Amino acid sequence: MKLALYLPTFRNHVTVQELADLTDLAEELEFDSVWTLDRVVVPEASDRGELQYSFGMMKEFPTQLPVESRGQWFQGWPLLPWLAARTKKVRIGMSITDTPYRSPGVFAAECATIDHLSGGRLNVGLGSGWMPEEFAASSATDIFPRRHAHVRETIEICQGIWTNETFEYHGEFADFEPCGFGHKPLQKPHPPIYFSGLRDPKRSARRVSKYGLAGWIGIQDTPRELAEWRKAIGGELEELGKSVDDLDLCSMIWFTITDTEVDQTDNGKASNILVGTAGQITDMLKRYQEAGLTMPLLWPPFADVPVSKTLDDLKRLKEEIMPKVEAS
């Protein structure tokens, strides 16, 4: 099981120094990767619990974001060049880049540049977004009904630009004649692409198979949910001549080590999955390992847990908990 750090870029207040301290520790502890979060805006309607949809379109959560509209957070995408310059070993990425907010051609070219800046360590995470209010703020309201198709076109444009000297595309969201886009990524044939948000196993398997996607990233998936999903998409992949064993199965999971035991009853997305004592987290990670989770993206809570505490928790996880998990 690989370990990834999901930086708390989205909080009511976070500083560059805090992100630097967490990143430096992830590198020191030899984590696989460090990821940022894509959040463009927090509507004032969220403060009142009046978003059009619940958080992430997940029924377990309210129609509200966990960060206030007047919070001081950082945009995830501009942090990637900074991470590339700051680190030497860990891979970097944003989970998940909402493609409707970006021009696919520009996005592809920027990814190639960041792959060079990092020495070939970029992971590309792609998703469709879920919040109409954010689409409006990103001047992408008209794309919302067709956002999943936008992801598909973005994948095709990225792979075309990354693997051809010149490339042209004629689709619904992009239409351009043959152009050169500068440097190709260092990684060959291109940086690994992770996807999220598509819970239909048949459609997901077809997308993985057609585009050679490297991984899938969920959010707050319990071992039960992950095992069910792995079985479902695995069966569809097998029919296409592919193996789920070749797919990186990941999930963004809130993580905190506590002094006393925590109720970890399976309440779906709202569960305290990786919040608990060292013993509870050890047992849960063993369950995840059995369920097929290849990499948890460890996500410091949005509030009430200072970065200094998270730094200590990450050290304990690596030095105290993971040896027991790996020995099981």
# chains A, B, ... in the order shown; residues from 1 in each chain; ligands from 1
call {"tool": "select_by_dssp", "arguments": {"residues": "region 42-174 of chain A", "states": "helix (DSSP H, G or I)", "output": "mmCIF file with C-alpha atoms, in the first residue's frame"}}
result
data_model
loop_
_atom_site.group_PDB
_atom_site.id
_atom_site.type_symbol
_atom_site.label_atom_id
_atom_site.label_comp_id
_atom_site.auth_asym_id
_atom_site.auth_seq_id
_atom_site.Cartn_x
_atom_site.Cartn_y
_atom_site.Cartn_z
ATOM 1 C CA GLU A 44 -22.261 32.565 0.120
ATOM 2 C CA ALA A 45 -25.237 30.239 -0.342
ATOM 3 C CA SER A 46 -23.047 27.501 1.121
ATOM 4 C CA ASP A 47 -22.736 29.432 4.387
ATOM 5 C CA PHE A 55 -21.357 18.347 -1.034
ATOM 6 C CA GLY A 56 -19.961 16.290 -3.890
ATOM 7 C CA MET A 57 -23.515 15.264 -4.836
ATOM 8 C CA LEU A 79 0.652 25.119 -6.304
ATOM 9 C CA LEU A 80 1.842 22.313 -8.611
ATOM 10 C CA PRO A 81 4.847 24.196 -10.069
ATOM 11 C CA TRP A 82 5.740 25.199 -6.524
ATOM 12 C CA LEU A 83 5.568 21.570 -5.424
ATOM 13 C CA ALA A 84 7.666 20.553 -8.414
ATOM 14 C CA ALA A 85 10.397 22.981 -7.373
ATOM 15 C CA ARG A 86 10.181 22.155 -3.665
ATOM 16 C CA THR A 99 -11.970 19.912 -16.600
ATOM 17 C CA PRO A 100 -14.938 22.214 -17.457
ATOM 18 C CA TYR A 101 -13.119 25.099 -15.767
ATOM 19 C CA PRO A 104 -8.301 21.380 -22.729
ATOM 20 C CA GLY A 105 -5.478 22.486 -25.037
ATOM 21 C CA VAL A 106 -4.067 24.991 -22.560
ATOM 22 C CA PHE A 107 -4.410 22.459 -19.749
ATOM 23 C CA ALA A 108 -2.534 19.790 -21.721
ATOM 24 C CA ALA A 109 0.335 22.152 -22.524
ATOM 25 C CA GLU A 110 0.587 23.337 -18.915
ATOM 26 C CA CYS A 111 0.718 19.715 -17.711
ATOM 27 C CA ALA A 112 3.636 19.051 -20.065
ATOM 28 C CA THR A 113 5.525 22.027 -18.646
ATOM 29 C CA ILE A 114 4.886 20.948 -15.045
ATOM 30 C CA ASP A 115 6.039 17.429 -15.887
ATOM 31 C CA HIS A 116 9.358 18.926 -16.987
ATOM 32 C CA LEU A 117 9.593 21.149 -13.902
ATOM 33 C CA PRO A 132 -23.434 24.603 -10.546
ATOM 34 C CA GLU A 133 -22.483 27.710 -8.573
ATOM 35 C CA GLU A 134 -18.805 27.002 -9.250
ATOM 36 C CA PHE A 135 -19.480 26.423 -12.944
ATOM 37 C CA ALA A 136 -21.083 29.881 -13.039
ATOM 38 C CA ALA A 137 -18.090 31.512 -11.349
ATOM 39 C CA THR A 141 -22.518 27.278 -16.846
ATOM 40 C CA ASP A 142 -23.403 25.955 -20.300
ATOM 41 C CA ILE A 143 -21.091 22.960 -19.844
ATOM 42 C CA PHE A 144 -22.725 21.660 -16.646
ATOM 43 C CA PRO A 145 -25.271 19.386 -18.379
ATOM 44 C CA ARG A 146 -22.502 17.933 -20.590
ATOM 45 C CA ARG A 147 -19.647 17.964 -18.092
ATOM 46 C CA HIS A 148 -18.857 14.236 -18.374
ATOM 47 C CA ALA A 149 -18.430 14.588 -22.131
ATOM 48 C CA HIS A 150 -16.027 17.462 -21.442
ATOM 49 C CA VAL A 151 -13.861 15.103 -19.382
ATOM 50 C CA ARG A 152 -13.787 12.634 -22.270
ATOM 51 C CA GLU A 153 -12.721 15.299 -24.764
ATOM 52 C CA THR A 154 -10.076 16.589 -22.364
ATOM 53 C CA ILE A 155 -8.546 13.116 -22.088
ATOM 54 C CA GLU A 156 -8.470 12.763 -25.864
ATOM 55 C CA ILE A 157 -6.948 16.213 -26.363
ATOM 56 C CA CYS A 158 -4.337 15.714 -23.636
ATOM 57 C CA GLN A 159 -3.214 12.382 -25.002
ATOM 58 C CA GLY A 160 -3.187 13.749 -28.560
ATOM 59 C CA ILE A 161 -1.106 16.781 -27.656
ATOM 60 C CA TRP A 162 1.241 14.763 -25.450
ATOM 61 C CA THR A 163 2.032 12.130 -28.095
#
call {"tool": "residues_around", "arguments": {"residues": "region 234-243 of chain A", "least_positions_apart": "3", "cutoff": "10 Å", "atoms": "only C-alpha atoms", "output": "mmCIF file with N, CA and C atoms, in the first residue's frame"}}
result
data_model
loop_
_atom_site.group_PDB
_atom_site.id
_atom_site.type_symbol
_atom_site.label_atom_id
_atom_site.label_comp_id
_atom_site.auth_asym_id
_atom_site.auth_seq_id
_atom_site.Cartn_x
_atom_site.Cartn_y
_atom_site.Cartn_z
ATOM 1 N N PRO A 201 -19.953 1.237 -13.305
ATOM 2 C CA PRO A 201 -18.826 0.340 -13.565
ATOM 3 C C PRO A 201 -18.595 0.040 -15.035
ATOM 4 N N LYS A 202 -19.681 -0.082 -15.822
ATOM 5 C CA LYS A 202 -19.517 -0.389 -17.240
ATOM 6 C C LYS A 202 -18.875 0.782 -17.983
ATOM 7 N N ARG A 203 -19.410 1.984 -17.752
ATOM 8 C CA ARG A 203 -18.839 3.165 -18.413
ATOM 9 C C ARG A 203 -17.414 3.426 -17.931
ATOM 10 N N SER A 204 -17.171 3.242 -16.639
ATOM 11 C CA SER A 204 -15.833 3.461 -16.095
ATOM 12 C C SER A 204 -14.835 2.485 -16.707
ATOM 13 N N ALA A 205 -15.220 1.223 -16.796
ATOM 14 C CA ALA A 205 -14.321 0.212 -17.358
ATOM 15 C C ALA A 205 -14.010 0.512 -18.822
ATOM 16 N N ARG A 206 -15.031 0.948 -19.559
ATOM 17 C CA ARG A 206 -14.787 1.279 -20.971
ATOM 18 C C ARG A 206 -13.806 2.439 -21.089
ATOM 19 N N ARG A 207 -13.961 3.426 -20.204
ATOM 20 C CA ARG A 207 -13.055 4.584 -20.241
ATOM 21 C C ARG A 207 -11.633 4.171 -19.866
ATOM 22 N N VAL A 208 -11.496 3.346 -18.838
ATOM 23 C CA VAL A 208 -10.165 2.861 -18.444
ATOM 24 C C VAL A 208 -9.514 2.107 -19.593
ATOM 25 N N SER A 209 -10.294 1.219 -20.209
ATOM 26 C CA SER A 209 -9.774 0.386 -21.283
ATOM 27 C C SER A 209 -9.418 1.203 -22.513
ATOM 28 N N LYS A 210 -10.298 2.111 -22.918
ATOM 29 C CA LYS A 210 -10.087 2.880 -24.144
ATOM 30 C C LYS A 210 -8.901 3.814 -24.037
ATOM 31 N N GLY A 212 -6.494 3.830 -21.452
ATOM 32 C CA GLY A 212 -5.347 3.356 -20.662
ATOM 33 C C GLY A 212 -5.148 4.131 -19.384
ATOM 34 N N GLU A 228 -16.837 -3.485 -2.930
ATOM 35 C CA GLU A 228 -17.959 -3.603 -3.861
ATOM 36 C C GLU A 228 -17.619 -2.963 -5.202
ATOM 37 N N TRP A 229 -17.000 -1.782 -5.150
ATOM 38 C CA TRP A 229 -16.635 -1.087 -6.376
ATOM 39 C C TRP A 229 -15.568 -1.849 -7.145
ATOM 40 N N ARG A 230 -14.571 -2.388 -6.434
ATOM 41 C CA ARG A 230 -13.506 -3.134 -7.093
ATOM 42 C C ARG A 230 -14.069 -4.368 -7.812
ATOM 43 N N LYS A 231 -15.005 -5.036 -7.160
ATOM 44 C CA LYS A 231 -15.616 -6.212 -7.778
ATOM 45 C C LYS A 231 -16.409 -5.824 -9.015
ATOM 46 N N ASP A 246 -4.356 -3.881 -12.495
ATOM 47 C CA ASP A 246 -3.506 -2.874 -13.133
ATOM 48 C C ASP A 246 -4.008 -1.451 -12.885
ATOM 49 N N LEU A 247 -5.116 -1.333 -12.140
ATOM 50 C CA LEU A 247 -5.713 -0.026 -11.871
ATOM 51 C C LEU A 247 -5.406 0.398 -10.442
#
call {"tool": "residues_around", "arguments": {"residues": "Ile253 (chain A)", "least_positions_apart": "6", "cutoff": "9 Å", "atoms": "only C-alpha atoms", "output": "list in words"}}
result
Tyr6, Gly218, Ile219, Gln220, Asp221, Ile273, Leu274, Pro296, Leu297, Leu298, Trp299 and Pro300 of chain A
call {"tool": "closest_residue", "arguments": {"among": "A:Gly120, A:Glu68, A:Val42, A:Leu51", "to": "Lys188 (chain A)", "atoms": "only C-alpha atoms"}}
result
A:Gly120
call {"tool": "select_by_dssp", "arguments": {"residues": "region 59-242 of chain A", "states": "strand (DSSP E or B)", "output": "list in words"}}
result
Gln72, Arg91, Ile92, Gly93, Met94, Thr97, Asp98, Leu122, Val124, Gly125, Leu126, Gly127, Phe167, Glu168, Tyr169, His170, Asp175, Phe176, Glu177, Pro178, Cys179, Ile193, Tyr194, Phe195, Gly215, Trp216, Ile217, Gly218 and Ile219 of chain A
call {"tool": "write_last_selection", "arguments": {"atoms": "N, CA, C and O atoms", "output": "mmCIF file, in the first residue's frame"}}
result
data_model
loop_
_atom_site.group_PDB
_atom_site.id
_atom_site.type_symbol
_atom_site.label_atom_id
_atom_site.label_comp_id
_atom_site.auth_asym_id
_atom_site.auth_seq_id
_atom_site.Cartn_x
_atom_site.Cartn_y
_atom_site.Cartn_z
ATOM 1 N N GLN A 72 -9.825 31.689 3.911
ATOM 2 C CA GLN A 72 -8.579 32.017 3.214
ATOM 3 C C GLN A 72 -7.875 30.721 2.839
ATOM 4 O O GLN A 72 -7.100 30.161 3.613
ATOM 5 N N ARG A 91 5.755 12.168 -6.096
ATOM 6 C CA ARG A 91 4.959 12.565 -7.241
ATOM 7 C C ARG A 91 3.975 13.652 -6.814
ATOM 8 O O ARG A 91 3.678 13.788 -5.611
ATOM 9 N N ILE A 92 3.483 14.427 -7.772
ATOM 10 C CA ILE A 92 2.589 15.537 -7.451
ATOM 11 C C ILE A 92 1.368 15.493 -8.373
ATOM 12 O O ILE A 92 1.426 14.978 -9.495
ATOM 13 N N GLY A 93 0.249 16.016 -7.871
ATOM 14 C CA GLY A 93 -0.955 16.055 -8.693
ATOM 15 C C GLY A 93 -2.051 16.839 -8.006
ATOM 16 O O GLY A 93 -1.927 17.223 -6.843
ATOM 17 N N MET A 94 -3.142 17.078 -8.737
ATOM 18 C CA MET A 94 -4.314 17.724 -8.159
ATOM 19 C C MET A 94 -5.494 16.775 -8.282
ATOM 20 O O MET A 94 -5.795 16.270 -9.356
ATOM 21 N N THR A 97 -8.764 17.602 -10.946
ATOM 22 C CA THR A 97 -8.934 18.777 -11.781
ATOM 23 C C THR A 97 -10.304 18.726 -12.458
ATOM 24 O O THR A 97 -10.600 17.783 -13.192
ATOM 25 N N ASP A 98 -11.143 19.698 -12.196
ATOM 26 C CA ASP A 98 -12.449 19.767 -12.845
ATOM 27 C C ASP A 98 -12.252 20.347 -14.247
ATOM 28 O O ASP A 98 -12.036 21.549 -14.417
ATOM 29 N N LEU A 122 4.622 14.108 -12.515
ATOM 30 C CA LEU A 122 3.246 14.610 -12.480
ATOM 31 C C LEU A 122 2.225 13.489 -12.645
ATOM 32 O O LEU A 122 2.327 12.673 -13.565
ATOM 33 N N VAL A 124 -1.896 13.210 -13.313
ATOM 34 C CA VAL A 124 -2.977 14.072 -13.805
ATOM 35 C C VAL A 124 -4.317 13.472 -13.365
ATOM 36 O O VAL A 124 -4.694 12.384 -13.794
ATOM 37 N N GLY A 125 -5.007 14.193 -12.479
ATOM 38 C CA GLY A 125 -6.320 13.747 -12.018
ATOM 39 C C GLY A 125 -7.412 14.546 -12.708
ATOM 40 O O GLY A 125 -7.354 15.772 -12.745
ATOM 41 N N LEU A 126 -8.398 13.842 -13.277
ATOM 42 C CA LEU A 126 -9.449 14.510 -14.053
ATOM 43 C C LEU A 126 -10.837 14.115 -13.571
ATOM 44 O O LEU A 126 -11.096 12.943 -13.284
ATOM 45 N N GLY A 127 -11.717 15.105 -13.475
ATOM 46 C CA GLY A 127 -13.096 14.858 -13.095
ATOM 47 C C GLY A 127 -13.994 15.924 -13.696
ATOM 48 O O GLY A 127 -13.525 16.866 -14.349
ATOM 49 N N PHE A 167 -1.080 18.511 -33.492
ATOM 50 C CA PHE A 167 -2.331 17.818 -33.203
ATOM 51 C C PHE A 167 -3.506 18.710 -33.551
ATOM 52 O O PHE A 167 -3.449 19.936 -33.373
ATOM 53 N N GLU A 168 -4.572 18.100 -34.065
ATOM 54 C CA GLU A 168 -5.814 18.818 -34.322
ATOM 55 C C GLU A 168 -6.966 18.063 -33.675
ATOM 56 O O GLU A 168 -6.889 16.859 -33.440
ATOM 57 N N TYR A 169 -8.039 18.808 -33.388
ATOM 58 C CA TYR A 169 -9.197 18.184 -32.743
ATOM 59 C C TYR A 169 -10.450 18.935 -33.147
ATOM 60 O O TYR A 169 -10.475 20.172 -33.204
ATOM 61 N N HIS A 170 -11.501 18.170 -33.417
ATOM 62 C CA HIS A 170 -12.756 18.767 -33.833
ATOM 63 C C HIS A 170 -13.879 18.102 -33.038
ATOM 64 O O HIS A 170 -14.361 17.033 -33.390
ATOM 65 N N ASP A 175 -12.278 22.908 -30.980
ATOM 66 C CA ASP A 175 -12.259 22.733 -32.429
ATOM 67 C C ASP A 175 -11.085 23.543 -32.959
ATOM 68 O O ASP A 175 -11.144 24.766 -33.034
ATOM 69 N N PHE A 176 -9.975 22.851 -33.304
ATOM 70 C CA PHE A 176 -8.805 23.574 -33.773
ATOM 71 C C PHE A 176 -8.056 22.746 -34.820
ATOM 72 O O PHE A 176 -8.097 21.518 -34.835
ATOM 73 N N GLU A 177 -7.389 23.474 -35.721
ATOM 74 C CA GLU A 177 -6.597 22.864 -36.784
ATOM 75 C C GLU A 177 -5.235 22.417 -36.220
ATOM 76 O O GLU A 177 -4.920 22.691 -35.061
ATOM 77 N N PRO A 178 -4.423 21.723 -37.020
ATOM 78 C CA PRO A 178 -3.138 21.216 -36.517
ATOM 79 C C PRO A 178 -2.281 22.321 -35.895
ATOM 80 O O PRO A 178 -2.069 23.371 -36.489
ATOM 81 N N CYS A 179 -1.820 22.063 -34.683
ATOM 82 C CA CYS A 179 -0.989 23.013 -33.940
ATOM 83 C C CYS A 179 0.090 22.258 -33.187
ATOM 84 O O CYS A 179 -0.084 21.103 -32.795
ATOM 85 N N ILE A 193 -2.954 9.139 -15.884
ATOM 86 C CA ILE A 193 -4.213 9.857 -15.704
ATOM 87 C C ILE A 193 -5.094 9.091 -14.723
ATOM 88 O O ILE A 193 -5.359 7.899 -14.911
ATOM 89 N N TYR A 194 -5.538 9.789 -13.689
ATOM 90 C CA TYR A 194 -6.474 9.261 -12.701
ATOM 91 C C TYR A 194 -7.826 9.921 -12.930
ATOM 92 O O TYR A 194 -7.885 11.096 -13.267
ATOM 93 N N PHE A 195 -8.893 9.170 -12.735
ATOM 94 C CA PHE A 195 -10.220 9.751 -12.926
ATOM 95 C C PHE A 195 -11.066 9.548 -11.682
ATOM 96 O O PHE A 195 -10.755 8.729 -10.819
ATOM 97 N N GLY A 215 -5.556 5.133 -12.864
ATOM 98 C CA GLY A 215 -6.126 4.969 -11.531
ATOM 99 C C GLY A 215 -7.481 5.630 -11.391
ATOM 100 O O GLY A 215 -7.906 6.434 -12.235
ATOM 101 N N TRP A 216 -8.137 5.265 -10.299
ATOM 102 C CA TRP A 216 -9.433 5.834 -9.928
ATOM 103 C C TRP A 216 -9.316 6.387 -8.512
ATOM 104 O O TRP A 216 -8.699 5.771 -7.627
ATOM 105 N N ILE A 217 -9.886 7.577 -8.279
ATOM 106 C CA ILE A 217 -9.824 8.199 -6.955
ATOM 107 C C ILE A 217 -11.238 8.461 -6.454
ATOM 108 O O ILE A 217 -12.017 9.180 -7.101
ATOM 109 N N GLY A 218 -11.582 7.885 -5.309
ATOM 110 C CA GLY A 218 -12.863 8.130 -4.666
ATOM 111 C C GLY A 218 -12.692 9.061 -3.477
ATOM 112 O O GLY A 218 -11.622 9.626 -3.244
ATOM 113 N N ILE A 219 -13.764 9.214 -2.720
ATOM 114 C CA ILE A 219 -13.717 10.066 -1.532
ATOM 115 C C ILE A 219 -14.431 9.375 -0.383
ATOM 116 O O ILE A 219 -15.562 8.912 -0.525
#
call {"tool": "closest_residue", "arguments": {"among": "A:Gln64, A:Thr222, A:Ser308, A:Ser251", "to": "Glu50 (chain A)", "atoms": "only C-alpha atoms"}}
result
A:Gln64
call {"tool": "residues_around", "arguments": {"residues": "region 301-304 of chain A", "least_positions_apart": "2", "cutoff": "8 Å", "atoms": "only C-alpha atoms", "output": "PDB file with N, CA and C atoms, in the first residue's frame"}}
result
ATOM      1  N   PRO A   8      -3.975  20.156   2.886  1.00  0.00           N
ATOM      2  CA  PRO A   8      -5.165  20.904   3.314  1.00  0.00           C
ATOM      3  C   PRO A   8      -5.196  22.308   2.718  1.00  0.00           C
ATOM      4  N   PHE A  10      -7.578  23.580   1.215  1.00  0.00           N
ATOM      5  CA  PHE A  10      -8.931  24.101   1.340  1.00  0.00           C
ATOM      6  C   PHE A  10      -9.328  24.090   2.810  1.00  0.00           C
ATOM      7  N   ARG A  11      -9.142  25.233   3.458  1.00  0.00           N
ATOM      8  CA  ARG A  11      -9.468  25.415   4.876  1.00  0.00           C
ATOM      9  C   ARG A  11      -9.901  26.858   5.091  1.00  0.00           C
ATOM     10  N   ASN A  12     -10.507  27.133   6.240  1.00  0.00           N
ATOM     11  CA  ASN A  12     -10.849  28.525   6.541  1.00  0.00           C
ATOM     12  C   ASN A  12      -9.606  29.399   6.605  1.00  0.00           C
ATOM     13  N   PRO A  66     -17.521  22.618   3.709  1.00  0.00           N
ATOM     14  CA  PRO A  66     -16.965  22.676   5.066  1.00  0.00           C
ATOM     15  C   PRO A  66     -16.085  23.898   5.323  1.00  0.00           C
ATOM     16  N   VAL A  67     -16.012  24.800   4.360  1.00  0.00           N
ATOM     17  CA  VAL A  67     -15.195  26.009   4.481  1.00  0.00           C
ATOM     18  C   VAL A  67     -16.085  27.212   4.181  1.00  0.00           C
ATOM     19  N   TRP A 254     -10.351  11.343   5.347  1.00  0.00           N
ATOM     20  CA  TRP A 254      -9.972  12.175   6.483  1.00  0.00           C
ATOM     21  C   TRP A 254      -9.176  11.354   7.490  1.00  0.00           C
ATOM     22  N   PHE A 255      -8.079  11.931   7.975  1.00  0.00           N
ATOM     23  CA  PHE A 255      -7.127  11.178   8.796  1.00  0.00           C
ATOM     24  C   PHE A 255      -6.712  11.969  10.029  1.00  0.00           C
ATOM     25  N   THR A 256      -6.908  11.359  11.203  1.00  0.00           N
ATOM     26  CA  THR A 256      -6.439  11.921  12.473  1.00  0.00           C
ATOM     27  C   THR A 256      -6.265  10.777  13.474  1.00  0.00           C
ATOM     28  N   TRP A 299      -6.097  12.874   4.254  1.00  0.00           N
ATOM     29  CA  TRP A 299      -6.668  14.219   4.168  1.00  0.00           C
ATOM     30  C   TRP A 299      -6.843  14.789   5.570  1.00  0.00           C
ATOM     31  N   PRO A 306      -4.810  21.190  14.209  1.00  0.00           N
ATOM     32  CA  PRO A 306      -3.721  22.035  13.709  1.00  0.00           C
ATOM     33  C   PRO A 306      -2.723  21.231  12.886  1.00  0.00           C
TER      34      PRO A 306
END
call {"tool": "residues_around", "arguments": {"residues": "region 258-268 of chain A", "least_positions_apart": "6", "cutoff": "12 Å", "atoms": "only C-alpha atoms", "output": "PyMOL selection string"}}
result
chain A and resi 58-61+219-226+274-281+283-284+305+309-310+312-313+316
call {"tool": "write_last_selection", "arguments": {"atoms": "N, CA and C atoms", "output": "mmCIF file, in the first residue's frame"}}
result
data_model
loop_
_atom_site.group_PDB
_atom_site.id
_atom_site.type_symbol
_atom_site.label_atom_id
_atom_site.label_comp_id
_atom_site.auth_asym_id
_atom_site.auth_seq_id
_atom_site.Cartn_x
_atom_site.Cartn_y
_atom_site.Cartn_z
ATOM 1 N N MET A 58 -23.167 13.918 -2.847
ATOM 2 C CA MET A 58 -23.251 12.703 -2.036
ATOM 3 C C MET A 58 -24.331 12.890 -0.983
ATOM 4 N N LYS A 59 -25.256 11.971 -0.923
ATOM 5 C CA LYS A 59 -26.454 12.131 -0.093
ATOM 6 C C LYS A 59 -26.141 12.214 1.389
ATOM 7 N N GLU A 60 -24.976 11.715 1.809
ATOM 8 C CA GLU A 60 -24.646 11.728 3.231
ATOM 9 C C GLU A 60 -24.247 13.116 3.738
ATOM 10 N N PHE A 61 -23.996 14.052 2.831
ATOM 11 C CA PHE A 61 -23.489 15.359 3.212
ATOM 12 C C PHE A 61 -24.531 16.457 2.989
ATOM 13 N N ILE A 219 -13.764 9.214 -2.720
ATOM 14 C CA ILE A 219 -13.717 10.066 -1.532
ATOM 15 C C ILE A 219 -14.431 9.375 -0.383
ATOM 16 N N GLN A 220 -13.741 9.259 0.722
ATOM 17 C CA GLN A 220 -14.305 8.690 1.948
ATOM 18 C C GLN A 220 -14.975 7.326 1.689
ATOM 19 N N ASP A 221 -14.297 6.474 0.919
ATOM 20 C CA ASP A 221 -14.848 5.145 0.645
ATOM 21 C C ASP A 221 -14.519 4.203 1.791
ATOM 22 N N THR A 222 -15.531 3.545 2.352
ATOM 23 C CA THR A 222 -15.300 2.553 3.393
ATOM 24 C C THR A 222 -14.728 1.298 2.749
ATOM 25 N N PRO A 223 -14.092 0.421 3.531
ATOM 26 C CA PRO A 223 -13.617 -0.845 2.956
ATOM 27 C C PRO A 223 -14.727 -1.612 2.243
ATOM 28 N N ARG A 224 -15.936 -1.585 2.806
ATOM 29 C CA ARG A 224 -17.069 -2.272 2.158
ATOM 30 C C ARG A 224 -17.363 -1.666 0.793
ATOM 31 N N GLU A 225 -17.445 -0.324 0.745
ATOM 32 C CA GLU A 225 -17.744 0.336 -0.531
ATOM 33 C C GLU A 225 -16.642 0.069 -1.550
ATOM 34 N N LEU A 226 -15.404 0.107 -1.090
ATOM 35 C CA LEU A 226 -14.287 -0.085 -2.005
ATOM 36 C C LEU A 226 -14.283 -1.509 -2.564
ATOM 37 N N LEU A 274 -10.720 6.756 8.953
ATOM 38 C CA LEU A 274 -9.332 6.790 9.417
ATOM 39 C C LEU A 274 -9.146 7.857 10.489
ATOM 40 N N VAL A 275 -10.174 8.011 11.300
ATOM 41 C CA VAL A 275 -10.094 8.844 12.495
ATOM 42 C C VAL A 275 -10.263 7.911 13.676
ATOM 43 N N GLY A 276 -9.243 7.815 14.521
ATOM 44 C CA GLY A 276 -9.309 6.893 15.650
ATOM 45 C C GLY A 276 -7.941 6.700 16.260
ATOM 46 N N THR A 277 -7.857 5.790 17.208
ATOM 47 C CA THR A 277 -6.580 5.500 17.854
ATOM 48 C C THR A 277 -5.650 4.817 16.856
ATOM 49 N N ALA A 278 -4.386 4.739 17.222
ATOM 50 C CA ALA A 278 -3.415 4.067 16.350
ATOM 51 C C ALA A 278 -3.839 2.630 16.077
ATOM 52 N N GLY A 279 -4.386 1.988 17.101
ATOM 53 C CA GLY A 279 -4.850 0.619 16.923
ATOM 54 C C GLY A 279 -6.022 0.527 15.961
ATOM 55 N N GLN A 280 -6.973 1.440 16.096
ATOM 56 C CA GLN A 280 -8.129 1.441 15.202
ATOM 57 C C GLN A 280 -7.693 1.704 13.749
ATOM 58 N N ILE A 281 -6.791 2.645 13.573
ATOM 59 C CA ILE A 281 -6.348 2.966 12.219
ATOM 60 C C ILE A 281 -5.552 1.810 11.629
ATOM 61 N N ASP A 283 -6.017 -1.385 12.258
ATOM 62 C CA ASP A 283 -7.012 -2.390 11.864
ATOM 63 C C ASP A 283 -7.751 -1.968 10.601
ATOM 64 N N MET A 284 -8.089 -0.685 10.502
ATOM 65 C CA MET A 284 -8.828 -0.212 9.334
ATOM 66 C C MET A 284 -7.973 -0.292 8.071
ATOM 67 N N VAL A 305 -8.050 20.555 13.793
ATOM 68 C CA VAL A 305 -6.810 19.790 13.913
ATOM 69 C C VAL A 305 -5.676 20.642 13.351
ATOM 70 N N LYS A 309 -0.290 18.968 14.695
ATOM 71 C CA LYS A 309 -0.826 17.664 15.060
ATOM 72 C C LYS A 309 -0.750 16.695 13.880
ATOM 73 N N THR A 310 -1.102 17.170 12.690
ATOM 74 C CA THR A 310 -1.037 16.320 11.497
ATOM 75 C C THR A 310 0.391 15.878 11.221
ATOM 76 N N ASP A 312 2.736 15.292 13.395
ATOM 77 C CA ASP A 312 3.020 14.206 14.330
ATOM 78 C C ASP A 312 2.289 12.919 13.920
ATOM 79 N N ASP A 313 1.038 13.063 13.471
ATOM 80 C CA ASP A 313 0.257 11.892 13.074
ATOM 81 C C ASP A 313 0.876 11.190 11.876
ATOM 82 N N ARG A 316 3.797 9.108 13.035
ATOM 83 C CA ARG A 316 3.344 7.899 13.722
ATOM 84 C C ARG A 316 2.801 6.876 12.729
#
call {"tool": "residues_around", "arguments": {"residues": "Leu19 (chain A)", "least_positions_apart": "2", "cutoff": "9 Å", "atoms": "only C-alpha atoms", "output": "JSON, numbers by chain"}}
result
{"A": [7, 8, 9, 14, 15, 16, 17, 21, 22, 23, 24, 307]}
call {"tool": "atom_distance", "arguments": {"atom1": "CA of Gly180 (chain A)", "atom2": "CA of Gly119 (chain A)"}}
result
21.7 Å
call {"tool": "closest_residue", "arguments": {"among": "A:Ser271, A:Ser128, A:Ser33, A:Ser54", "to": "Lys88 (chain A)", "atoms": "only C-alpha atoms"}}
result
A:Ser33
